[in-house]
$ cat start_9.txt   # compact mmCIF, C-alpha atoms
# COMPACT_ATOMS: atom_id res chain seq x y z
CA MET A 91 -59.85 16.17 57.95
CA THR A 92 -61.68 16.62 61.23
CA VAL A 93 -64.88 14.73 61.96
CA SER A 94 -67.10 15.58 64.91
CA THR A 95 -70.25 13.72 65.82
CA SER A 96 -73.01 14.78 68.19
CA CYS A 97 -75.79 12.45 69.26
CA ARG A 98 -78.47 12.41 71.97
CA CYS A 99 -77.17 9.11 73.31
CA ASP A 100 -73.85 7.85 74.67
CA GLN A 101 -72.01 4.74 73.52
CA GLU A 102 -72.59 2.75 76.73
CA TRP A 103 -76.35 3.37 76.60
CA MET A 104 -76.39 2.36 72.92
CA ARG A 105 -74.41 -0.80 73.66
CA CYS A 106 -77.03 -1.79 76.25
CA CYS A 107 -79.79 -1.17 73.70
CA ILE A 108 -78.02 -3.38 71.19
CA GLU A 109 -77.66 -6.17 73.74
CA SER A 110 -81.31 -5.82 74.75
CA ALA A 111 -82.41 -6.06 71.15
CA GLY A 112 -80.35 -9.20 70.65
CA ARG A 113 -78.67 -7.82 67.55
CA GLY A 114 -76.01 -9.71 65.70
CA SER A 115 -74.25 -6.60 64.45
CA TRP A 116 -74.59 -2.98 63.37
CA PHE A 117 -73.10 -0.10 61.39
CA LEU A 118 -72.19 3.10 63.21
CA SER A 119 -69.27 5.48 63.07
CA GLY A 120 -67.19 3.18 60.90
CA HIS A 121 -67.74 0.02 62.93
CA SER A 122 -68.85 -2.54 60.37
CA VAL A 123 -71.14 -5.50 60.82
CA ASP A 124 -72.08 -8.33 58.56
CA ARG A 125 -75.34 -9.85 59.78
CA GLY A 126 -78.99 -8.95 59.68
CA VAL A 127 -81.30 -6.89 57.55
CA GLY A 128 -79.90 -3.65 56.14
CA CYS A 129 -81.85 -0.43 56.26
CA TRP A 130 -80.93 3.19 55.62
CA LEU A 131 -81.46 6.04 58.06
CA PRO A 132 -81.76 9.70 57.08
CA GLY A 133 -78.77 12.06 56.64
CA HIS A 134 -77.49 13.97 59.62
CA GLY A 135 -74.28 11.97 59.43
CA CYS A 136 -76.14 8.74 59.89
CA ALA A 137 -76.65 7.69 56.28
CA GLN A 138 -74.95 4.38 56.82
CA PRO A 139 -76.65 1.00 56.54
CA LEU A 140 -77.92 -0.08 59.92
CA GLN A 141 -77.97 -3.86 59.98
CA THR A 142 -80.03 -5.56 62.62
CA GLN A 143 -80.88 -9.05 63.69
CA LEU A 144 -83.24 -9.23 66.62
CA GLY A 145 -83.75 -12.42 68.50
CA PHE A 146 -87.49 -12.84 67.99
CA PRO A 147 -89.48 -13.47 64.77
CA SER A 148 -91.97 -10.68 65.49
CA ALA A 149 -89.32 -8.19 66.64
CA TRP A 150 -86.37 -8.48 64.27
CA PRO A 151 -87.90 -6.38 61.45
CA ALA A 152 -88.74 -3.51 63.82
CA GLU A 153 -86.04 -1.16 62.55
CA THR A 154 -86.74 -2.00 58.91
CA THR A 155 -90.47 -1.53 59.50
CA LEU A 156 -89.80 1.88 61.06
CA CYS A 157 -87.67 2.88 58.07
CA ASN A 158 -90.35 1.78 55.61
CA THR A 159 -93.07 3.56 57.60
CA SER A 160 -91.01 6.74 57.70
CA LEU A 161 -90.32 6.56 53.97
CA ASP A 162 -93.86 5.73 52.85
CA ASN A 163 -95.81 7.60 55.56
CA PRO A 164 -98.87 5.39 54.92
CA THR A 165 -101.12 7.47 57.19
CA GLN A 166 -100.09 10.65 55.35
CA ARG A 167 -99.52 12.54 58.59
CA ASN A 168 -97.40 15.66 58.76
CA LYS A 169 -95.01 16.53 61.58
CA ASP A 170 -97.59 18.45 63.60
CA GLN A 171 -100.02 15.52 63.45
CA LEU A 172 -97.33 13.09 64.58
CA ILE A 173 -96.52 15.32 67.54
CA ARG A 174 -100.17 15.72 68.54
CA ALA A 175 -100.69 11.96 68.33
CA ALA A 176 -97.70 11.32 70.59
CA VAL A 177 -98.80 13.90 73.17
CA LYS A 178 -102.29 12.39 73.25
CA PHE A 179 -100.81 9.20 74.73
CA LEU A 180 -100.27 11.16 77.96
CA ASP A 181 -104.03 10.98 78.60
CA THR A 182 -103.82 7.19 79.02
CA ASP A 183 -100.27 6.91 80.35
CA THR A 184 -99.76 3.63 82.23
CA ILE A 185 -97.86 5.11 85.15
CA CYS A 186 -100.46 7.83 85.72
CA TYR A 187 -103.22 5.29 86.47
CA ARG A 188 -103.08 3.87 90.00
CA VAL A 189 -104.96 1.12 91.82
CA GLU A 190 -106.60 1.54 95.22
CA GLU A 191 -105.94 -2.03 96.35
CA PRO A 192 -104.24 -4.28 97.32
CA GLU A 193 -102.09 -2.15 99.57
CA THR A 194 -98.87 -3.89 98.53
CA LEU A 195 -99.44 -2.99 94.87
CA VAL A 196 -100.44 0.56 95.80
CA GLU A 197 -97.15 0.95 97.63
CA LEU A 198 -95.19 -0.65 94.79
CA GLN A 199 -96.66 1.76 92.24
CA LYS A 200 -95.92 4.71 94.48
CA ASN A 201 -92.32 3.66 95.11
CA GLU A 202 -91.52 2.80 91.48
CA TRP A 203 -93.63 5.21 89.42
CA ASP A 204 -93.62 8.39 91.51
CA PRO A 205 -89.86 8.99 91.08
CA ILE A 206 -90.04 8.86 87.26
CA ILE A 207 -93.03 11.23 87.24
CA ALA A 208 -91.15 13.57 89.58
CA TRP A 209 -88.13 13.42 87.27
CA ALA A 210 -90.22 14.24 84.19
CA GLU A 211 -91.96 17.13 85.94
CA LYS A 212 -88.62 18.60 87.00
CA ARG A 213 -86.83 17.87 83.73
CA TYR A 214 -89.49 19.51 81.54
CA SER A 215 -90.91 22.00 84.07
CA MET A 216 -94.43 20.64 83.75
CA GLU A 217 -97.16 19.03 85.85
CA ILE A 218 -98.33 15.46 85.25
CA GLY A 219 -99.60 13.83 88.43
CA SER A 220 -101.47 10.55 88.89
CA SER A 221 -104.98 9.37 89.71
CA THR A 222 -106.95 6.34 90.87
CA SER A 223 -109.95 7.51 88.83
CA ILE A 224 -110.86 5.60 85.68
CA MET A 225 -110.79 8.99 83.93
CA GLY A 226 -107.12 9.39 84.79
CA PRO A 227 -105.36 12.59 85.85
CA SER A 228 -106.25 15.97 84.42
CA ILE A 229 -103.32 17.00 82.21
CA PRO A 230 -102.82 20.80 82.18
CA ALA A 231 -102.72 22.59 78.83
CA LYS A 232 -99.29 23.96 79.77
CA THR A 233 -97.95 20.40 80.00
CA ARG A 234 -99.20 19.58 76.52
CA GLU A 235 -97.63 22.76 75.19
CA VAL A 236 -94.26 21.89 76.74
CA LEU A 237 -94.31 18.40 75.22
CA VAL A 238 -95.35 19.71 71.81
CA ASN A 239 -92.44 22.16 71.82
CA HIS A 240 -90.01 19.45 72.94
CA LEU A 241 -91.10 16.91 70.34
CA ALA A 242 -90.88 19.58 67.65
CA SER A 243 -87.09 19.39 68.01
CA TYR A 244 -87.14 15.89 66.48
CA ASN A 245 -87.35 15.12 62.78
CA MET A 246 -90.15 13.08 61.16
CA TRP A 247 -88.24 9.81 61.32
CA ALA A 248 -87.42 10.19 65.01
CA LEU A 249 -91.07 11.01 65.75
CA GLN A 250 -92.12 7.75 64.11
CA GLY A 251 -89.69 5.98 66.44
CA ILE A 252 -91.00 7.81 69.50
CA GLU A 253 -94.58 6.82 68.66
CA PHE A 254 -93.40 3.22 68.22
CA ILE A 255 -91.79 3.20 71.68
CA VAL A 256 -94.86 4.73 73.32
CA THR A 257 -97.08 2.00 71.87
CA GLN A 258 -94.72 -0.63 73.31
CA LEU A 259 -94.45 0.86 76.80
CA LYS A 260 -98.00 2.33 76.88
CA SER A 261 -96.40 5.39 78.44
CA MET A 262 -95.22 8.75 77.17
CA VAL A 263 -93.44 9.46 80.45
CA LEU A 264 -91.40 6.25 80.29
CA THR A 265 -90.58 6.96 76.65
CA LEU A 266 -89.23 10.38 77.60
CA GLY A 267 -87.14 8.79 80.34
CA LEU A 268 -85.75 6.24 77.89
CA ILE A 269 -84.80 8.58 75.05
CA ASP A 270 -83.43 11.10 77.57
CA LEU A 271 -81.09 8.39 78.95
CA HIS A 272 -82.69 8.56 82.40
CA LEU A 273 -83.84 4.93 82.04
CA THR A 274 -82.34 1.88 80.40
CA VAL A 275 -84.44 -0.39 78.20
CA GLU A 276 -84.67 -2.95 80.99
CA GLN A 277 -85.83 -0.35 83.52
CA ALA A 278 -88.40 1.18 81.18
CA VAL A 279 -89.86 -2.22 80.29
CA LEU A 280 -89.97 -3.33 83.93
CA LEU A 281 -91.80 -0.15 84.95
CA SER A 282 -94.30 -0.57 82.10
CA ARG A 283 -95.03 -4.13 83.27
CA LEU A 284 -95.12 -3.37 86.99
CA GLU A 285 -98.58 -4.80 87.69
CA GLU A 286 -97.88 -7.88 85.57
CA GLU A 287 -94.59 -8.45 87.39
CA TYR A 288 -96.46 -8.10 90.68
CA GLN A 289 -98.93 -10.79 89.61
CA ILE A 290 -96.08 -13.04 88.44
CA GLN A 291 -94.37 -12.73 91.81
CA LYS A 292 -97.63 -13.62 93.53
CA TRP A 293 -98.95 -16.40 91.30
CA GLY A 294 -95.89 -17.66 89.46
CA ASN A 295 -94.27 -17.32 86.05
CA ILE A 296 -95.27 -19.18 82.89
CA GLU A 297 -91.91 -19.42 81.14
CA TRP A 298 -93.11 -20.07 77.60
CA ALA A 299 -95.49 -17.09 77.77
CA HIS A 300 -94.29 -14.47 80.24
CA ASP A 301 -90.59 -14.81 79.45
CA TYR A 302 -91.20 -14.61 75.72
CA GLU A 303 -93.37 -11.51 76.09
CA LEU A 304 -90.75 -9.85 78.27
CA GLN A 305 -87.86 -10.49 75.91
CA GLU A 306 -89.87 -9.49 72.85
CA LEU A 307 -90.96 -6.23 74.50
CA ARG A 308 -87.35 -5.46 75.39
CA ALA A 309 -86.22 -6.14 71.83
CA ARG A 310 -88.88 -3.96 70.24
CA THR A 311 -88.36 -1.14 72.76
CA ALA A 312 -84.59 -1.24 72.23
CA ALA A 313 -85.06 -1.18 68.46
CA GLY A 314 -87.26 1.90 68.73
CA ALA A 315 -84.84 3.65 71.07
CA LEU A 316 -81.90 3.02 68.74
CA PHE A 317 -83.93 4.24 65.78
CA VAL A 318 -84.77 7.53 67.53
CA HIS A 319 -81.19 8.22 68.55
CA LEU A 320 -79.63 7.24 65.25
CA CYS A 321 -82.12 9.44 63.42
CA SER A 322 -81.23 12.30 65.78
CA GLU A 323 -77.50 11.99 65.26
CA SER A 324 -75.57 14.69 63.44
CA THR A 325 -72.08 14.74 62.00
CA THR A 326 -69.93 17.60 60.81
CA VAL A 327 -66.97 17.11 58.47
CA LYS A 328 -64.42 19.88 58.08
CA HIS A 329 -61.64 19.74 55.50
CA LYS A 330 -58.38 21.34 56.47
CA LEU A 331 -56.28 22.94 53.79
CA LEU A 332 -52.76 21.61 53.55
CA GLN A 333 -50.13 24.29 53.90
CA ASP A 334 -46.80 24.22 52.11
$ encode --input "start_9.txt" --output "structure tokens"
Amino acid sequence: MTVSTSCRCDQEWMRCCIESAGRGSWFLSGHSVDRGVGCWLPGHGCAQPLQTQLGFPSAWPAETTLCNTSLDNPTQRNKDQLIRAAVKFLDTDTICYRVEEPETLVELQKNEWDPIIAWAEKRYSMEIGSSTSIMGPSIPAKTREVLVNHLASYNMWALQGIEFIVTQLKSMVLTLGLIDLHLTVEQAVLLSRLEEEYQIQKWGNIEWAHDYELQELRARTAAGALFVHLCSESTTVKHKLLQD
């Protein structure tokens, strides 16, 4: 019997996600685990119990919550509505809004955010841009069309995960970078918190608040990323006939 598996992510990237999420163990491709909360993902070769244990009270049920949301669909949205909702986040994307002062923060945003925007524009052949206006950049209709077509390649469960990641990072562009393996969880979270990290460097860190928020955001983002990729996995099993 021959088994072939195709997935949007690689094992090293997934291992980093698991470490970021603080999981105790997991089920994938025959590797068993014995801790955490079990949940079932859709077919596509991934109908194995995914067991998770995240390191924070508000984050550990993230995968189970995503499964329940995908199963129940409490908002009664169809696939097209999920896609449109995700694309709408581009209008208020964190990395598209820039400050005009202080100069050090302006330069930091340019150095850190411009490369990821440039990557997304090249990767998807679309125009995004940035703006210092409170109204944000003007997103071309062609860009929305490209994103709609791209997101249409994902199933309903994966789209729920993508929306979950976007709400954590407050950025569609960073979410694309994360699920496309261009960014790690740590990089995506750091870029989403760039202004906050700037203020921490200037005024100091409050360990019991800032550190907790950082680790929780990493855990929830990693959980969403794993959910998307596991729901996008596919497996093919071929049975070979024995010959005399």
$ closest_residue --input "start_9.txt" --among "A:Leu264, A:Ala175, A:Met246, A:Val275" --to "A:Ile207" --atoms "only C-alpha atoms"
A:Leu264
$ residues_around --input "start_9.txt" --residues "A:Thr194" --least-positions-apart "5" --cutoff "10 Å" --atoms "all atoms listed in the file" --output "JSON, numbers by chain"
{"A": [199, 200, 288]}
$ closest_residue --input "start_9.txt" --among "A:Trp247, A:Lys232, A:Glu285, A:His319" --to "A:Pro192" --atoms "only C-alpha atoms"
A:Glu285
$ closest_residue --input "start_9.txt" --among "A:Lys292, A:Lys178, A:Lys260, A:Arg308" --to "A:Ala231" --atoms "all atoms listed in the file"
A:Lys178
$ atom_distance --input "start_9.txt" --atom1 "atom CA of A:Cys186" --atom2 "atom CA of A:Ser220"
4.3 Å
$ closest_residue --input "start_9.txt" --among "A:Gln171, A:Thr274, A:Thr257, A:Gln250" --to "A:Arg310" --atoms "only C-alpha atoms"
A:Thr257
$ atom_distance --input "start_9.txt" --atom1 "atom CA of A:Ile252" --atom2 "atom CA of A:Thr265"
7.2 Å
$ closest_residue --input "start_9.txt" --among "A:Asn158, A:Ser282, A:Asn201, A:Gln291" --to "A:Gln258" --atoms "only C-alpha atoms"
A:Ser282
$ closest_residue --input "start_9.txt" --among "A:Leu161, A:Met216, A:Val318, A:Leu266" --to "A:Ile229" --atoms "all atoms listed in the file"
A:Met216
$ atom_distance --input "start_9.txt" --atom1 "atom CA of A:Tyr244" --atom2 "atom CA of A:Leu271"
15.8 Å
$ axis_aligned_box --input "start_9.txt" --around "stretch 227-231 of chain A" --padding-each-side "5 Å" --output "AutoDock Vina command-line options"
--center_x -104.5 --center_y 17.6 --center_z 82.3 --size_x 13.5 --size_y 20.0 --size_z 17.0
$ residues_around --input "start_9.txt" --residues "A:Gln277" --least-positions-apart "6" --cutoff "12 Å" --atoms "all atoms listed in the file" --output "PDB file with C-alpha atoms, in the coordinates of the input"
ATOM      1  CA  CYS A 106     -77.030  -1.790  76.250  1.00  0.00           C
ATOM      2  CA  CYS A 107     -79.790  -1.170  73.700  1.00  0.00           C
ATOM      3  CA  SER A 110     -81.310  -5.820  74.750  1.00  0.00           C
ATOM      4  CA  GLU A 202     -91.520   2.800  91.480  1.00  0.00           C
ATOM      5  CA  TRP A 203     -93.630   5.210  89.420  1.00  0.00           C
ATOM      6  CA  ILE A 206     -90.040   8.860  87.260  1.00  0.00           C
ATOM      7  CA  LEU A 259     -94.450   0.860  76.800  1.00  0.00           C
ATOM      8  CA  LEU A 264     -91.400   6.250  80.290  1.00  0.00           C
ATOM      9  CA  THR A 265     -90.580   6.960  76.650  1.00  0.00           C
ATOM     10  CA  GLY A 267     -87.140   8.790  80.340  1.00  0.00           C
ATOM     11  CA  LEU A 268     -85.750   6.240  77.890  1.00  0.00           C
ATOM     12  CA  LEU A 271     -81.090   8.390  78.950  1.00  0.00           C
ATOM     13  CA  ARG A 283     -95.030  -4.130  83.270  1.00  0.00           C
ATOM     14  CA  LEU A 284     -95.120  -3.370  86.990  1.00  0.00           C
ATOM     15  CA  LEU A 304     -90.750  -9.850  78.270  1.00  0.00           C
ATOM     16  CA  LEU A 307     -90.960  -6.230  74.500  1.00  0.00           C
ATOM     17  CA  ARG A 308     -87.350  -5.460  75.390  1.00  0.00           C
ATOM     18  CA  THR A 311     -88.360  -1.140  72.760  1.00  0.00           C
ATOM     19  CA  ALA A 312     -84.590  -1.240  72.230  1.00  0.00           C
TER      20      ALA A 312
END
$ residues_near_point --input "start_9.txt" --point "(-95.0, 9.6, 76.7)" --cutoff "7 Å" --atoms "only C-alpha atoms" --output "mmCIF file with C-alpha atoms, in the frame of the given file"
data_model
loop_
_atom_site.group_PDB
_atom_site.id
_atom_site.type_symbol
_atom_site.label_atom_id
_atom_site.label_comp_id
_atom_site.auth_asym_id
_atom_site.auth_seq_id
_atom_site.Cartn_x
_atom_site.Cartn_y
_atom_site.Cartn_z
ATOM 1 C CA ALA A 176 -97.700 11.320 70.590
ATOM 2 C CA VAL A 177 -98.800 13.900 73.170
ATOM 3 C CA PHE A 179 -100.810 9.200 74.730
ATOM 4 C CA LEU A 180 -100.270 11.160 77.960
ATOM 5 C CA ASP A 183 -100.270 6.910 80.350
ATOM 6 C CA VAL A 256 -94.860 4.730 73.320
ATOM 7 C CA SER A 261 -96.400 5.390 78.440
ATOM 8 C CA MET A 262 -95.220 8.750 77.170
ATOM 9 C CA VAL A 263 -93.440 9.460 80.450
ATOM 10 C CA LEU A 264 -91.400 6.250 80.290
ATOM 11 C CA THR A 265 -90.580 6.960 76.650
ATOM 12 C CA LEU A 266 -89.230 10.380 77.600
#
